[in-house]
Amino acid sequence: MKPNLLSGIQPTGRLHLGNYLGALDNFVKLQNSGRYNCFFFIADLHSLTEDFKPKDKSKQILSLLADYLAAGLNPKKSTIFIQSHIPANSELAWILNTITPFGELSRMTQFKDKSKDQASNINIGLFSYPILMTADVILYDANFVPVGEDQIQHLELSRTLTRKFNKRFGKTFIEPQPLLTEVPRLMSLNNPDKKMSKSQPQGCIFVDDSPATIKKKIMTATTDSGIEVKYDLKKKAGISNLITIYAALSEKNIKGVEKEFKGENYSVFKKSLANLINQHFSDHRKKKKQLLASPSKLKRITNQGDKKANKIANAKINKVKDQLGLL
Ligand code: ADP
Ligand code: TRP
């Protein structure tokens with residue numbers, strides 16, 4: 001039997017290049033490798049931990065779903081579903097709450113960072129976020145979880161909780177392993193010491209930014225006073241980040257990109273990069289627009305995925321309740 005592979009993204013706004021290169025693009029490649037039994041979902045319950053307006057939420061969910069499909073996730077090959085449509089997810093999260101030490105959660109970097117970013121809304125969901133994430137993963141016996149580097153700490157906790165549960169209540173869950181891409185941590189365009197994140201929109205390329213916006217963001221991206229298009233993370237963090245993007249989208253290696261732009265200045269390189277990004281996403285944008293024009297079709301896709309996911313999740317949660325001695 002093929003190993004299970006599962007991942008999700010929060011519908012919190014617009015998908016950016018960090019999400020794409022760190023996660024979604026890899027989801028598609030892993031799906032198409034045919035080596036895994038794939039599950040991809042929309043982490044809508046997680047997204048409630050950030051400020052939002054209810055009238056925007058359903059749009060954000062459909063937009064992310066359209067991004068999934070436009071990028072190449074295929075409901076014939078993968079189970080694509082919505083987290084909040086799977087009641088067993090939340091049930092398991094509660095059960096896992098009861099075996100999670102408070103101290104372990106307090107160490108989570110994302111919780112500390114987000115508590116700073118949204119100081120007026122430090123809710124308990126933000127704190128228990130990795131517990132729900134663990135439930136998402138182990139409910140489906142996921143062997144592999146493709147994510148960006150910022151999620152590794154959460155998955156470490158998932159592994160710890162899995163071991164603890166299995167030891168205390170009998171072998172029930174599989175310990176999940178993270179899978180990183182070639183670009184596990186894309187940096188911000190205007191602050192290459194920080195990761196690209198939607199909380200810093202200026203340093204962020206959104207997949208559906210217009211070609212003019214993308215060009216402007218790339219042309220004004222922070223570089224250094226040098227002239228050589230050369231990868232050097234210590235001395236040339238900005239240009240190295242741009243080389244990383246170019247390499248990932250053109251499926252070349254770093255050396256190949258350096259060679260291609262040998263003797264050219266930053267401006268020539270940046271123009272080519274902006275063109276490459278625009279070309280890469282022009283098809284994606286068109287497909288996304290078409291998909292969003294028929295929301296009922298999108299809903300049919302997730303209805304199908306929800307059904308498959310619920311079947312697996314319900315069987316597992318019943319087993320868990322048995323193990324716990326619940327009637
Ligand atoms: P954000 O960090 O913008 O809030 P999410 O937390 O929803 O985005 O992340 C969705 C996926 O994208 C996760 O797997 C995460 O690790 C990955 N990701 C987010 N930002 C980056 C980045 N700058 N580089 C690589 N991967 C990233
Ligand atoms: N925590 C992930 C993020 O912030 C999203 C997510 C929720 C997830 N549940 C998951 C990713 C399960 C992988 C597996 O991006």
# chains A, B, ... in the order shown; residues from 1 in each chain; ligands from 1

$ residues_around --residues "Ala142 in chain A" --least-positions-apart "5" --cutoff "6 Å" --atoms "only C-alpha atoms" --output "list in words"
Asn4, Leu5, Leu6, Val137 and Pro176 of chain A

$ residues_near_ligand --ligand "ligand 1" --cutoff "7 Å" --atoms "only C-alpha atoms and all ligand atoms" --output "number ranges by chain"
A: 9-12, 16, 18-23, 146-151, 183-187, 195-198

$ write_last_selection --atoms "C-alpha atoms" --output "mmCIF file, in the first residue's frame"
data_model
loop_
_atom_site.group_PDB
_atom_site.id
_atom_site.type_symbol
_atom_site.label_atom_id
_atom_site.label_comp_id
_atom_site.auth_asym_id
_atom_site.auth_seq_id
_atom_site.Cartn_x
_atom_site.Cartn_y
_atom_site.Cartn_z
ATOM 1 C CA ILE A 9 -2.983 25.710 4.199
ATOM 2 C CA GLN A 10 -5.018 28.298 6.072
ATOM 3 C CA PRO A 11 -7.462 30.390 4.065
ATOM 4 C CA THR A 12 -6.338 33.711 5.475
ATOM 5 C CA HIS A 16 2.007 34.184 -1.688
ATOM 6 C CA GLY A 18 6.436 31.563 0.019
ATOM 7 C CA ASN A 19 3.299 29.418 0.377
ATOM 8 C CA TYR A 20 3.582 28.391 -3.269
ATOM 9 C CA LEU A 21 7.263 27.411 -3.318
ATOM 10 C CA GLY A 22 7.340 26.172 0.288
ATOM 11 C CA ALA A 23 4.129 24.178 0.086
ATOM 12 C CA PRO A 146 4.877 18.506 3.230
ATOM 13 C CA VAL A 147 5.236 21.962 4.834
ATOM 14 C CA GLY A 148 7.537 24.975 4.984
ATOM 15 C CA GLU A 149 10.235 25.160 7.632
ATOM 16 C CA ASP A 150 8.123 27.255 10.011
ATOM 17 C CA GLN A 151 5.847 24.262 10.630
ATOM 18 C CA VAL A 183 12.640 26.380 -0.779
ATOM 19 C CA PRO A 184 11.573 25.734 2.806
ATOM 20 C CA ARG A 185 11.965 29.371 3.840
ATOM 21 C CA LEU A 186 11.580 32.079 1.231
ATOM 22 C CA MET A 187 12.605 35.473 2.535
ATOM 23 C CA LYS A 195 10.594 35.180 6.021
ATOM 24 C CA MET A 196 8.145 36.177 3.304
ATOM 25 C CA SER A 197 4.772 36.517 5.004
ATOM 26 C CA LYS A 198 1.453 38.126 4.247
#

$ residues_around --residues "range 257-272 of chain A" --least-positions-apart "4" --cutoff "12 Å" --atoms "only C-alpha atoms" --output "PyMOL selection string"
chain A and resi 189+211-212+214-232+236+238-253+276-279

$ closest_residue --among "A:Leu96, A:Asp117, A:Cys204, A:Asp141" --to "Leu161 in chain A" --atoms "only C-alpha atoms"
A:Leu96

$ select_by_dssp --residues "range 64-245 of chain A" --states "alpha helix (DSSP H)" --output "PyMOL selection string"
chain A and resi 64-71+87-97+102-106+109-117+124-138+152-169+211-219+237-245

$ closest_residue --among "A:Leu292, A:Ala119, A:Leu48, A:Ile99" --to "ligand 2" --atoms "only C-alpha atoms and all ligand atoms"
A:Leu48

$ residues_around --residues "Asp136 in chain A" --least-positions-apart "6" --cutoff "10 Å" --atoms "only C-alpha atoms" --output "list in words"
Leu6, Ser7, Gly8, Phe41, Ala43, Gln83, Ile86, Ala88, Asn89, Ser90, Leu92, Ala93, Pro130, Ala142, Ser158 and Ala313 of chain A

$ closest_residue --among "A:Gly170, A:Gly13, A:Pro87, A:Pro178" --to "Ala135 in chain A" --atoms "only C-alpha atoms"
A:Pro87

$ closest_residue --among "A:Asn143, A:Gln304, A:Gln60, A:Ser210" --to "ligand 2" --atoms "only C-alpha atoms and all ligand atoms"
A:Asn143

$ residues_around --residues "Lys316 in chain A" --least-positions-apart "6" --cutoff "10 Å" --atoms "only C-alpha atoms" --output "JSON, numbers by chain"
{"A": [88, 92, 138, 139, 140, 141, 172, 173, 310, 322]}

$ select_by_dssp --residues "range 111-264 of chain A" --states "strand (DSSP E or B)" --output "list in words"
Phe144, Val145, Pro146, Gln177, Pro178, Leu179, Met187, Lys195, Phe206, Asp232 and Lys236 of chain A

$ write_last_selection --atoms "N, CA and C atoms" --output "tab-separated table (two decimals), in the first residue's frame"
chain	number	residue	atom	x	y	z
A	144	PHE	N	3.58	11.21	5.82
A	144	PHE	CA	4.38	12.36	5.38
A	144	PHE	C	3.53	13.63	5.34
A	145	VAL	N	4.17	14.74	5.74
A	145	VAL	CA	3.46	16.02	5.77
A	145	VAL	C	4.35	17.09	5.12
A	146	PRO	N	4.06	17.46	3.87
A	146	PRO	CA	4.88	18.51	3.23
A	146	PRO	C	4.49	19.90	3.74
A	177	GLN	N	6.02	12.33	9.48
A	177	GLN	CA	7.33	12.95	9.18
A	177	GLN	C	7.15	14.14	8.26
A	178	PRO	N	7.84	15.26	8.57
A	178	PRO	CA	7.74	16.42	7.66
A	178	PRO	C	8.51	16.18	6.37
A	179	LEU	N	8.06	16.82	5.29
A	179	LEU	CA	8.79	16.80	4.02
A	179	LEU	C	9.02	18.25	3.61
A	187	MET	N	12.50	34.27	1.72
A	187	MET	CA	12.61	35.47	2.54
A	187	MET	C	11.83	36.64	1.92
A	195	LYS	N	11.24	36.04	7.03
A	195	LYS	CA	10.59	35.18	6.02
A	195	LYS	C	9.47	35.94	5.31
A	206	PHE	N	2.21	38.11	-4.21
A	206	PHE	CA	1.02	37.28	-4.17
A	206	PHE	C	0.84	36.65	-5.54
A	232	ASP	N	25.19	34.23	-2.26
A	232	ASP	CA	26.02	34.33	-1.06
A	232	ASP	C	25.11	34.79	0.07
A	236	LYS	N	25.10	38.59	0.53
A	236	LYS	CA	24.15	39.05	-0.48
A	236	LYS	C	22.81	38.33	-0.29

$ atom_distance --atom1 "CA of Leu326 in chain A" --atom2 "CA of Thr162 in chain A"
19.2 Å

$ residues_around --residues "Met108 in chain A" --least-positions-apart "5" --cutoff "12 Å" --atoms "only C-alpha atoms" --output "short mmCIF file (atom, residue, chain, number, x, y, z; two decimals) with all heavy atoms, in the first residue's frame"
data_model
loop_
_atom_site.label_atom_id
_atom_site.label_comp_id
_atom_site.auth_asym_id
_atom_site.auth_seq_id
_atom_site.Cartn_x
_atom_site.Cartn_y
_atom_site.Cartn_z
N PHE A 102 1.21 21.97 29.00
CA PHE A 102 1.14 23.41 28.78
C PHE A 102 2.52 23.96 28.39
O PHE A 102 2.65 24.78 27.47
CB PHE A 102 0.67 24.05 30.09
CG PHE A 102 0.39 25.51 30.01
CD1 PHE A 102 -0.87 25.96 29.64
CD2 PHE A 102 1.37 26.44 30.33
CE1 PHE A 102 -1.13 27.31 29.57
CE2 PHE A 102 1.11 27.81 30.24
CZ PHE A 102 -0.14 28.24 29.87
N GLY A 103 3.54 23.46 29.06
CA GLY A 103 4.91 23.96 28.83
C GLY A 103 5.36 23.76 27.39
O GLY A 103 6.03 24.62 26.82
N ASP A 113 5.48 34.59 17.99
CA ASP A 113 5.48 35.60 16.92
C ASP A 113 4.09 36.18 16.69
O ASP A 113 3.91 37.39 16.61
CB ASP A 113 5.95 34.99 15.59
CG ASP A 113 7.43 34.68 15.62
OD1 ASP A 113 8.12 35.13 16.55
OD2 ASP A 113 7.90 33.96 14.70
N LYS A 114 3.10 35.28 16.60
CA LYS A 114 1.74 35.77 16.32
C LYS A 114 1.18 36.56 17.49
O LYS A 114 0.38 37.47 17.30
CB LYS A 114 0.82 34.62 15.93
CG LYS A 114 1.16 34.04 14.56
CD LYS A 114 0.00 33.37 13.87
CE LYS A 114 0.40 32.98 12.45
NZ LYS A 114 -0.56 32.15 11.75
N SER A 115 1.61 36.23 18.71
CA SER A 115 1.15 37.00 19.87
C SER A 115 1.64 38.44 19.77
O SER A 115 0.98 39.37 20.23
CB SER A 115 1.66 36.40 21.17
OG SER A 115 1.17 35.10 21.30
N LEU A 126 -4.99 30.21 19.25
CA LEU A 126 -3.65 30.48 18.74
C LEU A 126 -2.62 29.64 19.52
O LEU A 126 -1.65 29.15 18.98
CB LEU A 126 -3.37 31.97 18.96
CG LEU A 126 -2.40 32.68 18.05
CD1 LEU A 126 -2.76 32.50 16.60
CD2 LEU A 126 -2.40 34.18 18.40
N PHE A 127 -2.92 29.48 20.80
CA PHE A 127 -2.04 28.71 21.68
C PHE A 127 -2.14 27.20 21.39
O PHE A 127 -1.14 26.50 21.29
CB PHE A 127 -2.44 29.01 23.13
CG PHE A 127 -1.53 28.42 24.16
CD1 PHE A 127 -0.23 28.87 24.30
CD2 PHE A 127 -1.99 27.42 25.01
CE1 PHE A 127 0.62 28.32 25.25
CE2 PHE A 127 -1.15 26.87 25.97
CZ PHE A 127 0.15 27.32 26.09
N SER A 128 -3.39 26.73 21.21
CA SER A 128 -3.57 25.28 21.03
C SER A 128 -3.50 24.86 19.55
O SER A 128 -3.71 23.70 19.22
CB SER A 128 -4.87 24.81 21.66
OG SER A 128 -5.95 25.44 21.01
N TYR A 129 -3.19 25.82 18.68
CA TYR A 129 -3.08 25.61 17.23
C TYR A 129 -2.35 24.30 16.84
O TYR A 129 -2.86 23.50 16.04
CB TYR A 129 -2.34 26.84 16.69
CG TYR A 129 -2.16 26.97 15.21
CD1 TYR A 129 -2.91 27.90 14.49
CD2 TYR A 129 -1.21 26.22 14.53
CE1 TYR A 129 -2.72 28.05 13.12
CE2 TYR A 129 -1.02 26.36 13.18
CZ TYR A 129 -1.77 27.29 12.48
OH TYR A 129 -1.59 27.43 11.13
N PRO A 130 -1.17 24.01 17.45
CA PRO A 130 -0.47 22.78 17.04
C PRO A 130 -1.20 21.49 17.45
O PRO A 130 -0.93 20.44 16.90
CB PRO A 130 0.88 22.86 17.77
CG PRO A 130 0.98 24.23 18.32
CD PRO A 130 -0.39 24.81 18.42
N ILE A 131 -2.12 21.60 18.41
CA ILE A 131 -2.87 20.39 18.82
C ILE A 131 -3.88 20.05 17.72
O ILE A 131 -4.02 18.89 17.32
CB ILE A 131 -3.60 20.62 20.17
CG1 ILE A 131 -2.58 20.93 21.26
CG2 ILE A 131 -4.43 19.39 20.53
CD1 ILE A 131 -3.19 21.18 22.62
N ASP A 150 8.74 26.70 8.80
CA ASP A 150 8.12 27.26 10.01
C ASP A 150 7.16 26.28 10.71
O ASP A 150 6.78 26.52 11.85
CB ASP A 150 7.40 28.58 9.69
CG ASP A 150 6.35 28.43 8.60
OD1 ASP A 150 6.24 27.34 8.01
OD2 ASP A 150 5.62 29.41 8.34
N GLN A 151 6.78 25.21 10.02
CA GLN A 151 5.85 24.26 10.63
C GLN A 151 6.53 23.04 11.25
O GLN A 151 5.88 22.18 11.84
CB GLN A 151 4.82 23.79 9.58
CG GLN A 151 3.95 24.90 9.03
CD GLN A 151 3.18 25.62 10.12
OE1 GLN A 151 2.56 24.98 10.97
NE2 GLN A 151 3.23 26.94 10.12
N ILE A 152 7.86 22.98 11.13
CA ILE A 152 8.60 21.82 11.63
C ILE A 152 8.43 21.65 13.15
O ILE A 152 8.24 20.55 13.65
CB ILE A 152 10.11 21.95 11.30
CG1 ILE A 152 10.29 21.93 9.79
CG2 ILE A 152 10.94 20.87 11.96
CD1 ILE A 152 10.03 20.60 9.14
N GLN A 153 8.47 22.78 13.84
CA GLN A 153 8.36 22.70 15.30
C GLN A 153 7.00 22.11 15.71
O GLN A 153 6.90 21.30 16.64
CB GLN A 153 8.54 24.10 15.91
CG GLN A 153 8.78 24.06 17.40
CD GLN A 153 8.84 25.45 18.02
OE1 GLN A 153 8.24 26.40 17.51
NE2 GLN A 153 9.56 25.57 19.11
N HIS A 154 5.95 22.49 14.98
CA HIS A 154 4.62 21.94 15.27
C HIS A 154 4.60 20.43 15.03
O HIS A 154 4.02 19.68 15.81
CB HIS A 154 3.55 22.61 14.40
CG HIS A 154 3.32 24.05 14.74
ND1 HIS A 154 2.69 24.92 13.89
CD2 HIS A 154 3.64 24.76 15.84
CE1 HIS A 154 2.63 26.11 14.46
NE2 HIS A 154 3.21 26.05 15.62
N LEU A 155 5.24 20.02 13.94
CA LEU A 155 5.22 18.58 13.63
C LEU A 155 6.05 17.77 14.62
O LEU A 155 5.76 16.61 14.89
CB LEU A 155 5.68 18.34 12.19
CG LEU A 155 4.61 18.67 11.16
CD1 LEU A 155 5.16 18.54 9.75
CD2 LEU A 155 3.39 17.76 11.30
N GLU A 156 7.07 18.41 15.19
CA GLU A 156 7.83 17.74 16.25
C GLU A 156 6.91 17.45 17.43
O GLU A 156 6.95 16.38 18.03
CB GLU A 156 9.01 18.62 16.72
CG GLU A 156 10.29 18.43 15.92
CD GLU A 156 10.67 16.96 15.78
OE1 GLU A 156 10.64 16.23 16.80
OE2 GLU A 156 10.99 16.54 14.66
N LEU A 157 6.08 18.44 17.74
CA LEU A 157 5.12 18.25 18.83
C LEU A 157 4.13 17.13 18.45
O LEU A 157 3.78 16.29 19.29
CB LEU A 157 4.36 19.55 19.11
CG LEU A 157 3.31 19.41 20.22
CD1 LEU A 157 3.96 19.27 21.59
CD2 LEU A 157 2.33 20.58 20.23
#

$ atom_distance --atom1 "CA of Lys286 in chain A" --atom2 "CA of Leu73 in chain A"
15.6 Å

$ atom_distance --atom1 "atom 5 (C, counted along the ligand's line) of ligand 2" --atom2 "CA of Leu132 in chain A"
9.6 Å

$ closest_residue --among "A:Met133, A:Leu273, A:Ile80, A:Leu45" --to "ligand 2" --atoms "only C-alpha atoms and all ligand atoms"
A:Met133
